[in-house]
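S.K.: For reference, the file final.txt (compact mmCIF, C-alpha atoms and all ligand atoms) is included below:
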```
# COMPACT_ATOMS: atom_id res chain seq x y z
CA MET D 1 0.00 0.00 0.00
CA SER D 2 1.24 3.49 -0.92
CA SER D 3 -0.03 6.89 0.07
CA LEU D 4 0.28 10.48 -1.05
CA GLN D 5 -1.08 13.86 -0.01
CA VAL D 6 -3.40 16.05 -2.06
CA LEU D 7 -4.27 19.74 -1.62
CA CYS D 8 -7.07 21.23 -3.73
CA PHE D 9 -7.44 24.92 -4.51
CA GLY D 10 -10.36 27.23 -5.27
CA ASP D 11 -13.72 25.87 -6.33
CA LEU D 12 -12.39 22.31 -6.52
CA ASN D 13 -13.11 22.33 -2.80
CA ASP D 14 -16.84 22.38 -3.68
CA PHE D 15 -16.52 18.66 -4.40
CA LEU D 16 -14.98 17.80 -1.04
CA PRO D 17 -16.59 17.17 2.34
CA ILE D 18 -16.19 20.20 4.60
CA ARG D 19 -13.53 18.54 6.78
CA ASP D 20 -11.24 18.06 3.75
CA ARG D 21 -11.54 21.53 2.24
CA GLU D 22 -8.39 23.67 1.92
CA SER D 23 -6.36 20.98 3.67
CA TRP D 24 -3.97 18.18 2.80
CA ILE D 25 -5.86 14.95 2.20
CA SER D 26 -4.14 11.59 2.51
CA ILE D 27 -4.96 9.01 -0.17
CA SER D 28 -3.91 5.37 0.13
CA PHE D 29 -3.66 3.24 -2.99
CA GLN D 30 -2.39 -0.06 -4.29
CA GLY D 31 -0.29 -0.68 -7.38
CA ARG D 32 0.12 1.91 -10.13
CA GLN D 33 -2.60 4.55 -10.19
CA THR D 34 -2.74 7.69 -12.32
CA LEU D 35 -3.17 11.09 -10.74
CA LYS D 36 -6.43 11.37 -12.73
CA HIS D 37 -7.78 8.29 -10.98
CA LEU D 38 -6.53 9.29 -7.54
CA ILE D 39 -7.87 12.85 -7.71
CA GLU D 40 -11.18 11.69 -9.19
CA SER D 41 -11.51 9.25 -6.30
CA LEU D 42 -11.98 12.37 -4.14
CA GLY D 43 -15.04 13.27 -6.24
CA ILE D 44 -13.35 15.84 -8.49
CA PRO D 45 -14.00 15.29 -12.24
CA HIS D 46 -10.85 15.81 -14.36
CA PRO D 47 -12.31 18.51 -16.68
CA GLU D 48 -12.49 20.79 -13.63
CA ILE D 49 -8.72 20.48 -13.14
CA GLY D 50 -6.39 23.06 -14.68
CA THR D 51 -2.92 22.17 -13.52
CA VAL D 52 -1.33 19.67 -11.19
CA THR D 53 2.03 19.80 -9.44
CA VAL D 54 3.84 17.00 -7.67
CA ASP D 55 6.34 18.17 -5.05
CA ASP D 56 6.10 21.64 -6.64
CA GLN D 57 7.00 20.37 -10.14
CA PRO D 58 4.53 20.45 -13.06
CA ALA D 59 2.85 17.08 -13.60
CA GLY D 60 0.22 15.51 -15.85
CA LEU D 61 -2.97 13.70 -14.94
CA ASP D 62 -1.67 10.56 -16.64
CA ASP D 63 1.45 10.47 -14.42
CA PHE D 64 1.46 7.78 -11.77
CA GLY D 65 1.04 8.64 -8.10
CA LEU D 66 4.28 8.28 -6.16
CA GLU D 67 4.65 7.17 -2.56
CA GLY D 68 4.96 10.10 -0.16
CA SER D 69 4.51 12.81 -2.80
CA ARG D 70 2.60 16.04 -2.29
CA VAL D 71 0.13 16.81 -5.06
CA GLN D 72 -1.42 20.25 -5.54
CA VAL D 73 -4.48 20.57 -7.74
CA ILE D 74 -5.44 23.91 -9.28
CA PRO D 75 -8.82 24.50 -10.94
CA PHE D 76 -9.33 25.05 -14.66
CA ARG D 77 -9.39 28.70 -15.65
CA SER D 78 -10.79 29.81 -18.98
CA GLY D 79 -7.38 31.35 -19.74
CA ASP D 80 -5.63 27.97 -19.31
CA ILE D 81 -6.86 26.76 -22.64
CA ARG D 82 -8.14 29.53 -24.81
CA LEU D 83 -11.58 28.51 -25.97
CA ARG D 84 -12.13 30.99 -28.76
CA PRO D 85 -15.62 32.49 -28.49
CA GLU D 86 -16.40 31.92 -32.17
CA GLU D 87 -15.72 28.24 -31.60
CA LEU D 88 -17.20 27.95 -28.15
CA GLY D 89 -20.13 25.62 -28.01
CA PHE D 90 -21.94 23.77 -25.27
CA ILE D 91 -23.68 20.45 -24.87
CA LEU D 92 -25.98 19.94 -21.89
CA ASP D 93 -27.31 16.85 -20.22
CA GLY D 94 -31.03 16.09 -20.07
CA HIS D 95 -31.60 17.73 -16.68
CA LEU D 96 -30.52 21.21 -17.80
CA GLY D 97 -33.20 22.09 -20.35
CA LYS D 98 -33.90 25.51 -18.88
CA LEU D 99 -30.22 26.43 -18.88
CA ALA D 100 -29.97 25.26 -22.51
CA SER D 101 -32.81 27.61 -23.53
CA TYR D 102 -31.23 30.55 -21.75
CA LEU D 103 -27.76 29.93 -23.19
CA ARG D 104 -29.38 29.98 -26.64
CA ILE D 105 -31.21 33.21 -25.76
CA LEU D 106 -27.78 34.68 -24.91
CA GLY D 107 -26.65 33.56 -28.37
CA PHE D 108 -24.44 30.58 -27.51
CA ASP D 109 -24.32 27.48 -29.69
CA THR D 110 -25.95 24.94 -27.38
CA LEU D 111 -26.81 21.31 -28.10
CA TYR D 112 -29.56 19.81 -26.00
CA HIS D 113 -31.42 16.56 -26.57
CA PRO D 114 -33.26 15.56 -23.40
CA ASP D 115 -32.99 11.86 -24.14
CA ALA D 116 -29.32 11.72 -25.16
CA ALA D 117 -27.38 8.90 -23.48
CA ASP D 118 -24.34 9.76 -21.36
CA GLU D 119 -22.08 8.02 -23.83
CA THR D 120 -23.41 10.18 -26.68
CA LEU D 121 -23.05 13.38 -24.67
CA ALA D 122 -19.45 12.58 -23.81
CA ALA D 123 -18.57 11.51 -27.36
CA THR D 124 -20.19 14.57 -29.00
CA SER D 125 -18.53 16.88 -26.51
CA ALA D 126 -15.14 15.38 -27.44
CA ALA D 127 -15.72 15.22 -31.20
CA GLU D 128 -17.06 18.79 -31.50
CA GLN D 129 -14.90 20.29 -28.72
CA ARG D 130 -18.00 21.41 -26.89
CA VAL D 131 -18.08 22.21 -23.20
CA LEU D 132 -20.16 19.54 -21.47
CA LEU D 133 -22.37 21.06 -18.77
CA THR D 134 -23.96 18.66 -16.31
CA ARG D 135 -24.51 18.05 -12.63
CA ASP D 136 -23.46 14.43 -13.04
CA ARG D 137 -19.87 14.01 -11.86
CA GLY D 138 -19.74 10.47 -13.23
CA LEU D 139 -20.44 11.80 -16.71
CA LEU D 140 -17.64 14.37 -16.42
CA LYS D 141 -15.21 11.70 -15.24
CA ARG D 142 -15.48 9.84 -18.55
CA ARG D 143 -12.03 9.85 -20.09
CA VAL D 144 -13.05 11.26 -23.49
CA VAL D 145 -14.41 14.46 -21.96
CA VAL D 146 -11.91 17.30 -22.31
CA TYR D 147 -13.96 20.42 -21.59
CA GLY D 148 -16.64 20.18 -18.97
CA TYR D 149 -18.09 21.80 -15.92
CA CYS D 150 -20.28 20.62 -13.09
CA ILE D 151 -23.12 23.13 -12.54
CA ARG D 152 -23.21 24.00 -8.83
CA HIS D 153 -26.46 25.93 -8.38
CA ASP D 154 -30.16 25.13 -8.73
CA GLU D 155 -31.49 28.55 -9.75
CA ILE D 156 -31.36 29.40 -13.43
CA SER D 157 -29.94 32.91 -12.93
CA ARG D 158 -27.11 31.54 -10.75
CA GLN D 159 -26.42 28.78 -13.25
CA LEU D 160 -26.11 31.30 -16.06
CA GLN D 161 -23.81 33.40 -13.94
CA GLU D 162 -21.58 30.38 -13.29
CA VAL D 163 -21.22 29.61 -16.99
CA VAL D 164 -20.78 33.23 -18.12
CA ASN D 165 -18.12 33.87 -15.48
CA ARG D 166 -16.26 30.62 -15.98
CA TYR D 167 -15.84 31.06 -19.72
CA ASN D 168 -15.55 34.88 -19.81
CA LEU D 169 -18.64 35.22 -21.93
CA LEU D 170 -19.93 38.60 -20.84
CA GLU D 171 -18.64 40.36 -23.96
CA GLU D 172 -19.77 37.57 -26.27
CA ILE D 173 -23.45 37.71 -25.45
CA LYS D 174 -25.70 38.28 -28.47
CA LEU D 175 -29.18 38.44 -27.00
CA PHE D 176 -32.00 36.79 -28.94
CA SER D 177 -29.78 35.63 -31.78
CA ARG D 178 -30.61 31.92 -31.46
CA CYS D 179 -33.81 29.96 -31.26
CA PRO D 180 -34.37 28.75 -27.67
CA ARG D 181 -36.29 25.75 -29.03
CA CYS D 182 -33.75 24.33 -31.45
CA ASN D 183 -30.51 26.39 -31.44
CA GLY D 184 -31.10 27.75 -34.99
CA ARG D 185 -29.77 31.23 -35.79
CA LEU D 186 -32.70 33.66 -35.93
CA MET D 187 -33.17 35.76 -39.08
CA PRO D 188 -35.25 38.92 -39.50
CA VAL D 189 -38.46 38.20 -41.38
CA GLU D 190 -40.93 40.54 -43.12
CA LYS D 191 -44.16 40.92 -41.20
CA SER D 192 -46.14 40.27 -44.37
CA ALA D 193 -44.53 36.85 -44.73
CA ILE D 194 -45.76 35.60 -41.37
CA ALA D 195 -48.76 37.88 -40.62
CA ASP D 196 -51.27 35.08 -41.09
CA ARG D 197 -49.63 33.16 -38.24
CA LEU D 198 -49.97 35.98 -35.68
CA LEU D 199 -52.71 36.62 -33.16
CA ALA D 200 -54.61 39.84 -33.77
CA ASN D 201 -52.99 41.67 -30.84
CA THR D 202 -49.49 40.76 -31.95
CA ARG D 203 -50.26 41.81 -35.51
CA GLN D 204 -51.57 45.15 -34.27
CA PHE D 205 -48.77 46.11 -31.87
CA PHE D 206 -45.55 44.62 -33.30
CA ASN D 207 -43.74 45.26 -36.56
CA GLN D 208 -40.35 43.59 -36.16
CA PHE D 209 -40.14 39.83 -36.33
CA TRP D 210 -37.52 37.12 -36.44
CA GLN D 211 -37.85 33.57 -37.61
CA CYS D 212 -35.88 30.40 -36.99
CA PRO D 213 -34.94 28.90 -40.36
CA ALA D 214 -34.54 25.50 -38.75
CA CYS D 215 -37.89 25.04 -36.99
CA GLY D 216 -39.94 27.93 -38.39
CA GLN D 217 -40.80 29.49 -35.02
CA VAL D 218 -41.54 33.23 -35.18
CA TYR D 219 -40.33 35.64 -32.47
CA TRP D 220 -40.99 39.26 -31.55
CA ARG D 221 -40.10 41.54 -28.66
CA GLY D 222 -43.30 40.99 -26.73
CA SER D 223 -43.90 40.98 -22.99
CA HIS D 224 -42.28 37.53 -22.70
CA VAL D 225 -39.02 39.16 -23.76
CA ASP D 226 -39.23 41.64 -20.87
CA ARG D 227 -39.57 38.74 -18.45
CA ILE D 228 -36.56 37.01 -19.95
CA LEU D 229 -34.53 40.23 -19.82
CA GLU D 230 -35.39 40.69 -16.16
CA GLN D 231 -34.13 37.21 -15.44
CA ILE D 232 -30.90 37.80 -17.35
CA GLN D 233 -30.09 41.39 -16.46
CA GLY D 234 -29.93 40.52 -12.79
CA LEU D 235 -26.86 38.46 -13.52
CA LEU D 236 -25.08 40.87 -15.84
CA PRO D 237 -23.17 43.55 -13.95
CA ASP D 238 -23.38 47.11 -15.38
CA ARG D 239 -25.20 46.11 -18.47
ZN ZN D 301 -35.84 26.87 -34.00
```
Show how you would write the structure in this file as structure tokens.
Ligand SMILES: [Zn+2]
M.R.:
Amino acid sequence: MSSLQVLCFGDLNDFLPIRDRESWISISFQGRQTLKHLIESLGIPHPEIGTVTVDDQPAGLDDFGLEGSRVQVIPFRSGDIRLRPEELGFILDGHLGKLASYLRILGFDTLYHPDAADETLAATSAAEQRVLLTRDRGLLKRRVVVYGYCIRHDEISRQLQEVVNRYNLLEEIKLFSRCPRCNGRLMPVEKSAIADRLLANTRQFFNQFWQCPACGQVYWRGSHVDRILEQIQGLLPDR
């Protein structure tokens, strides 16, 4: 039996029981075990990890744990690996439908299929370099997942804040540019082209419309938009 010590920094401590937070944790193990496996055994999924040092030297998650070593684990920061905004995309697990809609409303390319299997989510995330958002640590621990984040909060506005802050998205928001139903990019549409689909009140009071080329849904800046803006503006500082 071997053992080593692990110290976790920042929000990685969210995954630890209170008694282990901000303190050296002793892990015992048999045979050859990777740092990925040893750190994940504490409940921390590897996509949340930015850098690892062993006895103050840079190390990799595939390195083997060494008897008596001291391992420091630093959280992922968006600056660690530059995810370029024009390439940034998300894929969400089936429990985060509301967050998916709101990320689309903020203009972010967001895949969401409520019935997708974990294996598919992980594989698509890897193949398309999408950030996998989930509350399922087991899903994030799958080896193929490179970019991923475990949503901490229950409330939608807090969840949005987590994602926007983590990936520095504040400047990249393009409100109402994507269809919340299907992720299509909304296009302006002439009122005359869709007038027969509108209720009388909408036809009377609104003149600007957008349509999703993918699913055909028509949108306008009605009172529902004000409610959405209220929800979102609370989380956007000075905006
Ligand atoms: Zn659509």
S.K.: Could you list, as a tab-separated table (two decimals) with C-alpha atoms, in the coordinates of the input, every residue within 7 Å of stretch 212-228 of chain D, counting all atoms listed in the file and ignoring same-chain residues fewer than 4 positions away?
M.R.:
```tsv
chain	number	residue	atom	x	y	z
D	179	CYS	CA	-33.81	29.96	-31.26
D	182	CYS	CA	-33.75	24.33	-31.45
D	184	GLY	CA	-31.10	27.75	-34.99
D	185	ARG	CA	-29.77	31.23	-35.79
D	186	LEU	CA	-32.70	33.66	-35.93
D	187	MET	CA	-33.17	35.76	-39.08
D	208	GLN	CA	-40.35	43.59	-36.16
D	232	ILE	CA	-30.90	37.80	-17.35
```
S.K.: Figure out the distance between atom CA of D:Leu170 and atom CA of D:Lys98, please, to one decimal in Å.
M.R.: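 That distance, rounded to one decimal, is 19.2 Å.
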S.K.: Which residue, D:Cys150, D:Cys8, D:Met1, D:Leu198, has the smallest gap to D:Gln33 when you use only C-alpha atoms?
M.R.: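 For D:Gln33, the nearest of the candidates is D:Met1.
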S.K.: Show me, as a list in words, the residues that have an atom within 8 Å of stretch 10-23 of chain D when counting only C-alpha atoms, minus same-chain residues fewer than 4 positions from it.
M.R.: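 Contacts, in chain order: Leu42, Gly43, Ile44, Glu48, Ile49, Ile74 and Pro75 of chain D.
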S.K.: Expressed in Å to a single decimal, how great is the separation between atom CA of D:Gly31 and atom CA of D:Gly68?
M.R.: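 Between atom CA of D:Gly31 and atom CA of D:Gly68 the gap is 14.0 Å.
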S.K.: Return the single residue from D:Gln231, D:His37, D:Arg135, D:Ser101 that is closest to ligand ZN 301 (chain D), with distances computed using all atoms listed in the file.
M.R.: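 That would be D:Ser101, the residue with the smallest distance to ligand ZN 301 (chain D).
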S.K.: Extract, using all atoms listed in the file, all DNA, RNA and protein residues at most 8 Å from stretch 127-134 of chain D, discarding same-chain residues fewer than 3 positions from it, and format them as JSON, numbers by chain.
M.R.: {"D": [88, 89, 90, 91, 92, 93, 95, 96, 121, 122, 123, 124, 137, 139, 140, 145, 146, 147, 148, 149, 150, 151]}
S.K.: Could you give me, as a PyMOL selection string, the residues within 10 Å of D:Glu119, counting all atoms listed in the file and dropping anything in the same chain fewer than 6 positions from it?
M.R.: chain D and resi 125+139+142+144
S.K.: In terms of the shortest atom-to-atom distance over all atoms listed in the file, which of D:Phe176, D:Ala193, D:Phe206, D:Asn168 is closest to ligand ZN 301 (chain D)?
M.R.: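 Using all atoms listed in the file, the shortest distance to ligand ZN 301 (chain D) belongs to D:Phe176.
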S.K.: My list of candidates is D:Leu35, D:Asn165, D:Ile105, D:Phe205. Which is closest to ligand ZN 301 (chain D) when distances are computed with only C-alpha atoms and all ligand atoms?
M.R.: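 Of D:Leu35, D:Asn165, D:Ile105, D:Phe205, the one nearest ligand ZN 301 (chain D), counting only C-alpha atoms and all ligand atoms, is D:Ile105.
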S.K.: Restricting the calculation to all atoms listed in the file: of D:Phe29, D:Phe64, D:Phe76, D:Trp24, which residue gets closest to D:Leu7?
M.R.: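 Checking each candidate against D:Leu7, we get D:Trp24 as the closest.
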S.K.: Could you please determine the separation between atom CA of D:Ala126 and atom CA of D:His113 in Å, to one decimal place?
M.R.: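 The value is 16.3 Å.
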S.K.: When distances are computed from only C-alpha atoms and all ligand atoms, which of D:Lys191, D:Arg197, D:Arg203, D:Arg181 shows the smallest separation from ligand ZN 301 (chain D)?
M.R.: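 Residue with the minimum atom-to-atom distance to ligand ZN 301 (chain D): D:Arg181.
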S.K.: Quick one: residues within 8 Å of D:Gly107, only C-alpha atoms, excluding same-chain residues fewer than 4 positions away - as a short mmCIF file (atom, residue, chain, number, x, y, z; two decimals) with C-alpha atoms, keeping the file's coordinate frame?
M.R.:
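out29.cif written:
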```
data_model
loop_
_atom_site.label_atom_id
_atom_site.label_comp_id
_atom_site.auth_asym_id
_atom_site.auth_seq_id
_atom_site.Cartn_x
_atom_site.Cartn_y
_atom_site.Cartn_z
CA LEU D 103 -27.76 29.93 -23.19
CA ILE D 173 -23.45 37.71 -25.45
CA LYS D 174 -25.70 38.28 -28.47
CA LEU D 175 -29.18 38.44 -27.00
CA PHE D 176 -32.00 36.79 -28.94
CA SER D 177 -29.78 35.63 -31.78
CA ARG D 178 -30.61 31.92 -31.46
#
```
